[in-house]
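Q: Structure file query24.tsv, TSV, C-alpha atoms and all ligand atoms, is pasted below:
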chain	number	residue	atom	x	y	z
U	10	MET	CA	34.07	-3.73	-21.76
U	11	LYS	CA	34.41	-0.24	-23.17
U	12	LYS	CA	33.51	2.46	-20.65
U	13	THR	CA	33.68	6.21	-20.58
U	14	PHE	CA	34.21	8.19	-17.38
U	15	ASN	CA	32.30	11.15	-16.04
U	16	PHE	CA	32.83	11.25	-12.31
U	17	SER	CA	30.37	12.42	-9.70
U	18	PRO	CA	31.50	13.99	-6.41
U	19	ASN	CA	28.63	12.24	-4.60
U	20	PHE	CA	30.11	9.24	-2.83
U	21	SER	CA	31.47	8.32	0.60
U	22	LYS	CA	35.19	9.07	0.67
U	23	LYS	CA	36.32	5.96	2.52
U	24	ASN	CA	37.27	2.91	0.45
U	25	ARG	CA	35.26	-0.27	0.97
U	26	PRO	CA	36.75	-3.75	0.85
U	27	LYS	CA	35.85	-5.96	-2.11
U	28	SER	CA	34.01	-8.34	0.23
U	29	PHE	CA	31.36	-5.67	0.96
U	30	ILE	CA	30.03	-5.83	-2.58
U	31	LYS	CA	27.21	-8.36	-2.61
U	32	PHE	CA	24.35	-6.74	-4.55
U	33	VAL	CA	23.66	-4.96	-7.80
U	34	ILE	CA	20.77	-2.49	-7.70
U	35	ILE	CA	19.08	-1.57	-10.99
U	36	HIS	CA	17.44	1.85	-11.43
U	37	TYR	CA	15.98	4.02	-14.12
U	38	THR	CA	16.90	7.70	-14.16
U	39	GLY	CA	13.29	8.94	-14.35
U	40	MET	CA	14.27	12.24	-15.97
U	41	GLN	CA	13.51	14.04	-19.25
U	42	SER	CA	16.91	13.35	-20.86
U	43	GLU	CA	20.33	11.78	-20.52
U	44	ILE	CA	21.95	15.20	-20.05
U	45	ALA	CA	19.54	16.14	-17.27
U	46	SER	CA	20.29	12.79	-15.59
U	47	VAL	CA	24.07	13.22	-15.78
U	48	ASN	CA	23.78	16.75	-14.42
U	49	ARG	CA	21.69	15.61	-11.48
U	50	LEU	CA	24.02	12.69	-10.73
U	51	LYS	CA	26.98	15.12	-10.71
U	52	ASN	CA	25.34	17.95	-8.78
U	53	LYS	CA	26.67	18.15	-5.23
U	54	LYS	CA	23.34	19.47	-3.98
U	55	SER	CA	21.39	16.46	-5.27
U	56	LYS	CA	23.45	14.08	-3.11
U	57	VAL	CA	22.72	11.23	-5.54
U	58	SER	CA	24.99	9.20	-7.80
U	59	CYS	CA	25.53	5.74	-9.24
U	60	HIS	CA	28.48	3.63	-10.24
U	61	TYR	CA	27.31	3.23	-13.83
U	62	LEU	CA	24.89	5.00	-16.12
U	63	ILE	CA	23.80	3.26	-19.34
U	64	SER	CA	22.51	5.45	-22.16
U	65	ARG	CA	19.70	4.55	-24.58
U	66	LYS	CA	22.41	3.79	-27.15
U	67	GLY	CA	24.16	1.39	-24.77
U	68	LYS	CA	27.06	3.64	-23.79
U	69	VAL	CA	28.39	2.76	-20.34
U	70	ILE	CA	29.50	5.74	-18.25
U	71	GLN	CA	31.27	5.14	-14.96
U	72	MET	CA	30.50	7.87	-12.42
U	73	VAL	CA	31.87	6.44	-9.15
U	74	PRO	CA	34.73	3.93	-8.62
U	75	GLU	CA	33.49	0.51	-7.51
U	76	ASN	CA	35.48	0.62	-4.27
U	77	LYS	CA	33.58	3.74	-3.16
U	78	ILE	CA	30.01	3.83	-1.84
U	79	ALA	CA	27.74	5.62	-4.35
U	80	TRP	CA	24.46	7.19	-3.18
U	81	HIS	CA	21.72	5.53	-5.20
U	82	ALA	CA	19.56	3.33	-2.97
U	83	GLY	CA	18.62	5.63	-0.08
U	84	LYS	CA	16.60	4.23	2.78
U	85	SER	CA	16.21	0.56	1.89
U	86	LYS	CA	16.04	-2.98	3.23
U	87	TRP	CA	16.50	-6.49	1.88
U	88	ARG	CA	16.67	-9.58	4.09
U	89	SER	CA	18.99	-8.62	6.97
U	90	TYR	CA	20.54	-5.71	5.03
U	91	LYS	CA	19.66	-2.08	5.65
U	92	ASN	CA	20.64	0.92	3.53
U	93	LEU	CA	22.06	-1.12	0.70
U	94	ASN	CA	24.48	1.49	-0.70
U	95	ARG	CA	27.25	0.08	1.44
U	96	ASN	CA	26.91	-3.39	-0.06
U	97	SER	CA	25.98	-2.69	-3.65
U	98	ILE	CA	26.88	-1.44	-7.11
U	99	GLY	CA	24.25	0.96	-8.45
U	100	ILE	CA	23.38	0.97	-12.15
U	101	GLU	CA	21.13	3.65	-13.67
U	102	LEU	CA	19.44	3.09	-17.04
U	103	VAL	CA	18.38	6.19	-18.91
U	104	ASN	CA	14.57	6.09	-19.11
U	105	LYS	CA	12.02	8.88	-18.60
U	106	GLY	CA	10.24	6.72	-16.04
U	107	HIS	CA	6.64	6.61	-14.85
U	108	VAL	CA	6.40	10.39	-14.33
U	109	TYR	CA	7.77	11.69	-17.67
U	110	GLY	CA	6.84	8.85	-20.05
U	111	TYR	CA	7.97	5.33	-19.29
U	112	GLU	CA	9.73	3.75	-22.28
U	113	SER	CA	10.83	0.23	-23.16
U	114	PHE	CA	14.51	-0.24	-22.40
U	115	SER	CA	16.47	-0.28	-25.65
U	116	LYS	CA	18.13	-3.41	-26.98
U	117	ALA	CA	21.57	-1.74	-26.87
U	118	GLN	CA	20.98	-0.68	-23.27
U	119	ILE	CA	20.11	-4.21	-22.14
U	120	GLN	CA	23.02	-5.72	-24.12
U	121	SER	CA	25.48	-3.40	-22.36
U	122	LEU	CA	23.85	-4.12	-19.02
U	123	VAL	CA	24.34	-7.86	-19.53
U	124	VAL	CA	28.05	-7.44	-20.39
U	125	LEU	CA	28.58	-5.15	-17.40
U	126	CYS	CA	26.75	-7.48	-15.00
U	127	LYS	CA	28.71	-10.49	-16.26
U	128	GLU	CA	31.88	-8.59	-15.40
U	129	LEU	CA	30.56	-7.81	-11.92
U	130	ILE	CA	29.52	-11.45	-11.34
U	131	LYS	CA	33.03	-12.56	-12.20
U	132	LYS	CA	34.70	-9.93	-10.05
U	133	TYR	CA	32.50	-10.10	-6.94
U	134	ASN	CA	30.82	-13.49	-7.24
U	135	ILE	CA	27.35	-11.92	-7.04
U	136	SER	CA	24.55	-14.48	-6.88
U	137	ALA	CA	21.55	-14.28	-9.21
U	138	SER	CA	19.20	-13.53	-6.31
U	139	ASN	CA	21.27	-10.47	-5.35
U	140	PHE	CA	20.44	-8.58	-8.54
U	141	LEU	CA	17.58	-6.37	-7.40
U	142	GLY	CA	15.50	-3.45	-8.55
U	143	HIS	CA	15.32	-0.26	-6.52
U	144	SER	CA	11.62	-1.01	-6.00
U	145	ASP	CA	12.49	-4.39	-4.43
U	146	ILE	CA	14.47	-2.75	-1.64
U	147	ALA	CA	12.29	0.38	-1.23
U	148	PRO	CA	8.80	-0.78	-2.28
U	149	LEU	CA	6.85	1.94	-0.50
U	150	ARG	CA	8.55	4.82	-2.31
U	151	LYS	CA	10.11	3.52	-5.56
U	152	LEU	CA	8.86	2.04	-8.85
U	153	ASP	CA	12.11	1.66	-10.78
U	154	PRO	CA	13.14	-0.11	-12.93
U	155	GLY	CA	9.44	-1.00	-13.42
U	156	GLU	CA	7.35	-3.47	-15.38
U	157	LYS	CA	9.18	-2.95	-18.69
U	158	PHE	CA	12.50	-4.13	-17.30
U	159	PRO	CA	13.19	-7.60	-18.79
U	160	TRP	CA	13.87	-9.64	-15.63
U	161	LYS	CA	12.77	-12.88	-17.28
U	162	LYS	CA	15.24	-12.50	-20.15
U	163	LEU	CA	18.07	-11.45	-17.80
U	164	SER	CA	17.53	-14.41	-15.49
U	165	LYS	CA	18.95	-16.56	-18.29
U	166	TYR	CA	22.29	-14.86	-17.64
U	167	LYS	CA	21.99	-15.38	-13.85
U	168	ILE	CA	21.03	-11.73	-13.45
U	169	GLY	CA	18.08	-11.95	-11.06
U	170	VAL	CA	15.87	-14.94	-10.30
U	171	TRP	CA	12.78	-16.19	-12.15
U	172	TYR	CA	10.16	-18.89	-11.62
U	173	LYS	CA	8.85	-21.96	-13.40
U	174	ASN	CA	5.17	-22.22	-14.09
U	175	LYS	CA	3.51	-25.04	-12.22
U	176	ASP	CA	0.17	-25.69	-10.60
U	177	TYR	CA	-0.30	-24.39	-7.13
U	178	LYS	CA	-1.76	-27.18	-5.02
U	179	VAL	CA	-3.56	-25.41	-2.15
U	180	LYS	CA	-7.18	-24.76	-3.02
U	181	ASP	CA	-9.96	-22.61	-1.61
U	182	LEU	CA	-7.92	-20.21	0.44
U	183	LYS	CA	-9.81	-17.45	2.16
U	184	LYS	CA	-8.76	-13.95	1.18
U	185	GLU	CA	-7.01	-13.34	4.47
U	186	GLU	CA	-5.12	-16.65	4.29
U	187	LEU	CA	-4.08	-15.85	0.75
U	188	ARG	CA	-2.70	-12.47	1.81
U	189	ASN	CA	-0.85	-13.76	4.86
U	190	LEU	CA	0.67	-16.60	2.86
U	191	PHE	CA	1.81	-14.19	0.17
U	192	PHE	CA	3.49	-11.94	2.73
U	193	LYS	CA	5.09	-14.90	4.47
U	194	ASN	CA	6.59	-15.90	1.09
U	195	THR	CA	7.74	-12.41	0.14
U	196	HIS	CA	9.42	-12.07	3.53
U	197	ILE	CA	11.37	-15.28	2.87
U	198	ILE	CA	12.33	-13.95	-0.57
U	199	GLY	CA	13.73	-10.81	1.07
U	200	TYR	CA	11.11	-8.06	0.86
U	201	ARG	CA	10.56	-5.85	3.93
U	202	TYR	CA	8.38	-2.87	4.91
U	203	PHE	CA	5.34	-4.92	5.98
U	204	GLN	CA	4.30	-7.23	8.79
U	205	ILE	CA	3.84	-10.91	8.05
U	206	LEU	CA	0.52	-11.41	9.81
U	207	LYS	CA	-0.91	-7.91	10.14
U	208	ARG	CA	-2.20	-6.15	7.07
U	209	SER	CA	-1.91	-2.44	6.38
U	210	ASN	CA	-3.07	-0.08	3.64
U	211	GLN	CA	0.55	0.19	2.42
U	212	ASP	CA	0.62	-3.53	1.54
U	213	SER	CA	-0.74	-3.03	-1.97
U	214	LYS	CA	2.48	-1.15	-2.84
U	215	VAL	CA	4.51	-4.24	-1.99
U	216	ILE	CA	2.16	-6.43	-4.04
U	217	ARG	CA	2.45	-3.97	-6.92
U	218	VAL	CA	6.28	-3.95	-7.09
U	219	PHE	CA	6.26	-7.73	-6.83
U	220	GLN	CA	3.89	-7.92	-9.83
U	221	GLN	CA	5.88	-5.32	-11.78
U	222	ARG	CA	8.83	-7.65	-11.58
U	223	TYR	CA	7.25	-11.11	-11.88
U	224	LEU	CA	3.85	-10.54	-13.52
U	225	PRO	CA	4.46	-7.38	-15.53
U	226	LYS	CA	1.28	-7.71	-17.60
U	227	LYS	CA	-0.91	-7.82	-14.52
U	228	VAL	CA	0.05	-5.09	-12.11
U	229	ASN	CA	-3.02	-4.38	-9.99
U	230	GLY	CA	-1.85	-4.61	-6.38
U	231	LYS	CA	-4.19	-7.54	-5.70
U	232	ILE	CA	-3.07	-11.03	-4.79
U	233	ASP	CA	-4.57	-13.71	-6.98
U	234	LYS	CA	-3.68	-17.39	-7.30
U	235	LYS	CA	-0.94	-16.76	-9.86
U	236	THR	CA	0.74	-14.04	-7.77
U	237	LEU	CA	0.68	-16.33	-4.74
U	238	GLU	CA	1.99	-19.23	-6.80
U	239	ILE	CA	5.00	-17.25	-7.98
U	240	SER	CA	5.76	-16.06	-4.44
U	241	ALA	CA	5.57	-19.67	-3.21
U	242	PHE	CA	7.88	-20.89	-5.95
U	243	LEU	CA	10.49	-18.21	-5.24
U	244	ALA	CA	10.25	-18.59	-1.45
U	245	ASN	CA	10.83	-22.31	-1.83
U	246	LYS	CA	13.77	-21.79	-4.13
U	247	LEU	CA	15.39	-19.12	-1.96
U	248	ALA	CA	14.59	-20.44	1.51
U	301	ZN	ZN	16.22	4.29	-8.26
Would it be possible to restate this file's structure as structure tokens?
Ligand SMILES: [Zn+2]

A:
Amino acid sequence: MKKTFNFSPNFSKKNRPKSFIKFVIIHYTGMQSEIASVNRLKNKKSKVSCHYLISRKGKVIQMVPENKIAWHAGKSKWRSYKNLNRNSIGIELVNKGHVYGYESFSKAQIQSLVVLCKELIKKYNISASNFLGHSDIAPLRKLDPGEKFPWKKLSKYKIGVWYKNKDYKVKDLKKEELRNLFFKNTHIIGYRYFQILKRSNQDSKVIRVFQQRYLPKKVNGKIDKKTLEISAFLANKLA
């Protein structure tokens, strides 16, 4: 696909082998404008970067070569992986984000993302379940790409996983059982930063990012039957 280049100095200098690349992490820039985002991603002091930035008009800008480790994920975990920069390609979508005015992602932006991801799937054999949002791998401190990111639509292109609606059979669960079951499922799916059987006041953040992705119209940080049902479906599929 057509790309332009605007390189950032913020990456680890050593090359990585192709076999390291297993994940694609999706972000939004969360800044006032595209120019401000590019400047930040190029500023040595910011110590952040990405492999690709996609503008609102769908322009794809490469900022770091794929065989270098870009600095986009920060402290993060997913399944047995820690600090996912080493094993991922980072893609930033220009969007003001939850602080400056969260916008729908543009059609052109998503079209370019699909073409780019298809290329990456071909090149690195990345599985659908290894397309993740920044919030999936750092749920206590990140919200991007957020509830307006079209995961359901993208799952049709094997970019991220989705679920099928079906009735959840277990009835009359007590609140505590419901919560523990949900966290058992999310742990199987790959989420970290919580304990399976011991609840904490940070847990609602994990529930919230899960709902942003899979139940975007109902983000309240509370586990109901539907939220549990989706987690059970995905845990079953990915176990
Ligand atoms: Zn991010």

Q: Taking (4.1, -9.7, -10.6) in the file's own coordinates, collect the residues within 12 Å, counting only C-alpha atoms, and hand them back as a PDB file with C-alpha atoms, in the frame of the given file.

A:
ATOM      1  CA  ASP U 145      12.490  -4.390  -4.430  1.00  0.00           C
ATOM      2  CA  GLY U 155       9.440  -1.000 -13.420  1.00  0.00           C
ATOM      3  CA  GLU U 156       7.350  -3.470 -15.380  1.00  0.00           C
ATOM      4  CA  LYS U 157       9.180  -2.950 -18.690  1.00  0.00           C
ATOM      5  CA  TRP U 160      13.870  -9.640 -15.630  1.00  0.00           C
ATOM      6  CA  LYS U 161      12.770 -12.880 -17.280  1.00  0.00           C
ATOM      7  CA  TRP U 171      12.780 -16.190 -12.150  1.00  0.00           C
ATOM      8  CA  TYR U 172      10.160 -18.890 -11.620  1.00  0.00           C
ATOM      9  CA  PHE U 191       1.810 -14.190   0.170  1.00  0.00           C
ATOM     10  CA  THR U 195       7.740 -12.410   0.140  1.00  0.00           C
ATOM     11  CA  SER U 213      -0.740  -3.030  -1.970  1.00  0.00           C
ATOM     12  CA  LYS U 214       2.480  -1.150  -2.840  1.00  0.00           C
ATOM     13  CA  VAL U 215       4.510  -4.240  -1.990  1.00  0.00           C
ATOM     14  CA  ILE U 216       2.160  -6.430  -4.040  1.00  0.00           C
ATOM     15  CA  ARG U 217       2.450  -3.970  -6.920  1.00  0.00           C
ATOM     16  CA  VAL U 218       6.280  -3.950  -7.090  1.00  0.00           C
ATOM     17  CA  PHE U 219       6.260  -7.730  -6.830  1.00  0.00           C
ATOM     18  CA  GLN U 220       3.890  -7.920  -9.830  1.00  0.00           C
ATOM     19  CA  GLN U 221       5.880  -5.320 -11.780  1.00  0.00           C
ATOM     20  CA  ARG U 222       8.830  -7.650 -11.580  1.00  0.00           C
ATOM     21  CA  TYR U 223       7.250 -11.110 -11.880  1.00  0.00           C
ATOM     22  CA  LEU U 224       3.850 -10.540 -13.520  1.00  0.00           C
ATOM     23  CA  PRO U 225       4.460  -7.380 -15.530  1.00  0.00           C
ATOM     24  CA  LYS U 226       1.280  -7.710 -17.600  1.00  0.00           C
ATOM     25  CA  LYS U 227      -0.910  -7.820 -14.520  1.00  0.00           C
ATOM     26  CA  VAL U 228       0.050  -5.090 -12.110  1.00  0.00           C
ATOM     27  CA  ASN U 229      -3.020  -4.380  -9.990  1.00  0.00           C
ATOM     28  CA  GLY U 230      -1.850  -4.610  -6.380  1.00  0.00           C
ATOM     29  CA  LYS U 231      -4.190  -7.540  -5.700  1.00  0.00           C
ATOM     30  CA  ILE U 232      -3.070 -11.030  -4.790  1.00  0.00           C
ATOM     31  CA  ASP U 233      -4.570 -13.710  -6.980  1.00  0.00           C
ATOM     32  CA  LYS U 234      -3.680 -17.390  -7.300  1.00  0.00           C
ATOM     33  CA  LYS U 235      -0.940 -16.760  -9.860  1.00  0.00           C
ATOM     34  CA  THR U 236       0.740 -14.040  -7.770  1.00  0.00           C
ATOM     35  CA  LEU U 237       0.680 -16.330  -4.740  1.00  0.00           C
ATOM     36  CA  GLU U 238       1.990 -19.230  -6.800  1.00  0.00           C
ATOM     37  CA  ILE U 239       5.000 -17.250  -7.980  1.00  0.00           C
ATOM     38  CA  SER U 240       5.760 -16.060  -4.440  1.00  0.00           C
ATOM     39  CA  LEU U 243      10.490 -18.210  -5.240  1.00  0.00           C
TER      40      LEU U 243
END

Q: Write out as an MDAnalysis selection string each polymer residue (protein, DNA or RNA) that has an atom no more than 7 Å from ligand ZN 301 (chain U), with all atoms listed in the file counted.

A: chainID U and resid 36:38 81:82 143 151 153

Q: Can I get the residues of range 14-71 of chain U within 12 Å of range 104-124 of chain U, each with the closest pair of atoms and their distance in Å to one decimal, using all atoms listed in the file, sorted chain first then ascending number, as JSON lines?

A:
{"residue": "U:Val33", "atom": "CA", "partner": "U:Leu122", "partner_atom": "CA", "distance": 11.3}
{"residue": "U:Ile34", "atom": "CA", "partner": "U:Leu122", "partner_atom": "CA", "distance": 11.8}
{"residue": "U:Ile35", "atom": "CA", "partner": "U:Leu122", "partner_atom": "CA", "distance": 9.7}
{"residue": "U:His36", "atom": "CA", "partner": "U:Asn104", "partner_atom": "CA", "distance": 9.2}
{"residue": "U:Tyr37", "atom": "CA", "partner": "U:Asn104", "partner_atom": "CA", "distance": 5.6}
{"residue": "U:Thr38", "atom": "CA", "partner": "U:Asn104", "partner_atom": "CA", "distance": 5.7}
{"residue": "U:Gly39", "atom": "CA", "partner": "U:Gly106", "partner_atom": "CA", "distance": 4.1}
{"residue": "U:Met40", "atom": "CA", "partner": "U:Lys105", "partner_atom": "CA", "distance": 4.8}
{"residue": "U:Gln41", "atom": "CA", "partner": "U:Lys105", "partner_atom": "CA", "distance": 5.4}
{"residue": "U:Ser42", "atom": "CA", "partner": "U:Lys105", "partner_atom": "CA", "distance": 7.0}
{"residue": "U:Glu43", "atom": "CA", "partner": "U:Asn104", "partner_atom": "CA", "distance": 8.2}
{"residue": "U:Ile44", "atom": "CA", "partner": "U:Asn104", "partner_atom": "CA", "distance": 11.8}
{"residue": "U:Ala45", "atom": "CA", "partner": "U:Lys105", "partner_atom": "CA", "distance": 10.5}
{"residue": "U:Ser46", "atom": "CA", "partner": "U:Asn104", "partner_atom": "CA", "distance": 9.5}
{"residue": "U:Tyr61", "atom": "CA", "partner": "U:Leu122", "partner_atom": "CA", "distance": 9.6}
{"residue": "U:Leu62", "atom": "CA", "partner": "U:Leu122", "partner_atom": "CA", "distance": 9.6}
{"residue": "U:Ile63", "atom": "CA", "partner": "U:Gln118", "partner_atom": "CA", "distance": 6.2}
{"residue": "U:Ser64", "atom": "CA", "partner": "U:Gln118", "partner_atom": "CA", "distance": 6.4}
{"residue": "U:Arg65", "atom": "CA", "partner": "U:Gln118", "partner_atom": "CA", "distance": 5.5}
{"residue": "U:Lys66", "atom": "CA", "partner": "U:Ala117", "partner_atom": "CA", "distance": 5.6}
{"residue": "U:Gly67", "atom": "CA", "partner": "U:Gln118", "partner_atom": "CA", "distance": 4.1}
{"residue": "U:Lys68", "atom": "CA", "partner": "U:Ser121", "partner_atom": "CA", "distance": 7.4}
{"residue": "U:Val69", "atom": "CA", "partner": "U:Ser121", "partner_atom": "CA", "distance": 7.1}
{"residue": "U:Ile70", "atom": "CA", "partner": "U:Ser121", "partner_atom": "CA", "distance": 10.8}

Q: Pick from U:Ile78, U:Asn94, U:Gln71, U:Lys11: nearest to Phe32 in chain U, with only C-alpha atoms counted?

A: U:Asn94

Q: What's the separation between CA of Lys27 in chain U and CA of Ile130 in chain U, in Å to one decimal place?

A: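 We find that CA of Lys27 in chain U and CA of Ile130 in chain U lie 12.5 Å from each other.
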
Q: Grab the CA of Lys53 in chain U to CA of Ser17 in chain U distance for me, in Å with one decimal place.

A: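 The value is 8.2 Å.
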
Q: Can you work out which one of U:Lys84, U:Arg25, U:Lys131, U:Lys167 has the shortest atom-to-atom distance to Leu149 in chain U, counting all atoms listed in the file?

A: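 Smallest distance to Leu149 in chain U is found for U:Lys84.
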
Q: Tell me, as a PDB file with C-alpha atoms, keeping the file's coordinate frame, which residues lie within 12 Å of Asn24 in chain U, counting only C-alpha atoms; anything in the same chain fewer than 5 positions away does not count.

A:
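Done, and the output landed in result00.pdb:
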ATOM      1  CA  PHE U  29      31.360  -5.670   0.960  1.00  0.00           C
ATOM      2  CA  ILE U  30      30.030  -5.830  -2.580  1.00  0.00           C
ATOM      3  CA  VAL U  73      31.870   6.440  -9.150  1.00  0.00           C
ATOM      4  CA  PRO U  74      34.730   3.930  -8.620  1.00  0.00           C
ATOM      5  CA  GLU U  75      33.490   0.510  -7.510  1.00  0.00           C
ATOM      6  CA  ASN U  76      35.480   0.620  -4.270  1.00  0.00           C
ATOM      7  CA  LYS U  77      33.580   3.740  -3.160  1.00  0.00           C
ATOM      8  CA  ILE U  78      30.010   3.830  -1.840  1.00  0.00           C
ATOM      9  CA  ALA U  79      27.740   5.620  -4.350  1.00  0.00           C
ATOM     10  CA  ARG U  95      27.250   0.080   1.440  1.00  0.00           C
TER      11      ARG U  95
END

Q: Tell me, in Å to one decimal, how far CA of Asn174 in chain U is from CA of Asn134 in chain U.

A: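 According to the coordinates, CA of Asn174 in chain U and CA of Asn134 in chain U are separated by 27.9 Å.
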
Q: Which of these residues is nearest to Lys54 in chain U, using only C-alpha atoms: U:Ala241, U:His196, U:Asn19, U:Pro148?

A: U:Asn19

Q: Would you pick out the contacts of Val170 in chain U at 12 Å or less, using all atoms listed in the file, so that residues sharing its chain but fewer than 4 positions from it are not included, and give the list as a ChimeraX atom specification?

A: /U:136-142,159-166,198,222-223,239-240,242-244,246-247

Q: Output the selection as a PDB file, keeping the file's coordinate frame - C-alpha atoms for each residue.

A:
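Output contents, as saved in part00.pdb:
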ATOM      1  CA  SER U 136      24.550 -14.480  -6.880  1.00  0.00           C
ATOM      2  CA  ALA U 137      21.550 -14.280  -9.210  1.00  0.00           C
ATOM      3  CA  SER U 138      19.200 -13.530  -6.310  1.00  0.00           C
ATOM      4  CA  ASN U 139      21.270 -10.470  -5.350  1.00  0.00           C
ATOM      5  CA  PHE U 140      20.440  -8.580  -8.540  1.00  0.00           C
ATOM      6  CA  LEU U 141      17.580  -6.370  -7.400  1.00  0.00           C
ATOM      7  CA  GLY U 142      15.500  -3.450  -8.550  1.00  0.00           C
ATOM      8  CA  PRO U 159      13.190  -7.600 -18.790  1.00  0.00           C
ATOM      9  CA  TRP U 160      13.870  -9.640 -15.630  1.00  0.00           C
ATOM     10  CA  LYS U 161      12.770 -12.880 -17.280  1.00  0.00           C
ATOM     11  CA  LYS U 162      15.240 -12.500 -20.150  1.00  0.00           C
ATOM     12  CA  LEU U 163      18.070 -11.450 -17.800  1.00  0.00           C
ATOM     13  CA  SER U 164      17.530 -14.410 -15.490  1.00  0.00           C
ATOM     14  CA  LYS U 165      18.950 -16.560 -18.290  1.00  0.00           C
ATOM     15  CA  TYR U 166      22.290 -14.860 -17.640  1.00  0.00           C
ATOM     16  CA  ILE U 198      12.330 -13.950  -0.570  1.00  0.00           C
ATOM     17  CA  ARG U 222       8.830  -7.650 -11.580  1.00  0.00           C
ATOM     18  CA  TYR U 223       7.250 -11.110 -11.880  1.00  0.00           C
ATOM     19  CA  ILE U 239       5.000 -17.250  -7.980  1.00  0.00           C
ATOM     20  CA  SER U 240       5.760 -16.060  -4.440  1.00  0.00           C
ATOM     21  CA  PHE U 242       7.880 -20.890  -5.950  1.00  0.00           C
ATOM     22  CA  LEU U 243      10.490 -18.210  -5.240  1.00  0.00           C
ATOM     23  CA  ALA U 244      10.250 -18.590  -1.450  1.00  0.00           C
ATOM     24  CA  LYS U 246      13.770 -21.790  -4.130  1.00  0.00           C
ATOM     25  CA  LEU U 247      15.390 -19.120  -1.960  1.00  0.00           C
TER      26      LEU U 247
END

Q: Tell me which of U:Ser85, U:Ser21, U:Asn92, U:Gln211 sits closest to Ser58 in chain U, counting all atoms listed in the file.

A: U:Ser21

Q: Find, counting only C-alpha atoms, the residue in U:Lys175, U:Asn210, U:Ile98, U:Pro154 that gets nearest to Lys132 in chain U.

A: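 Ranked by minimum distance to Lys132 in chain U, first place goes to U:Ile98.
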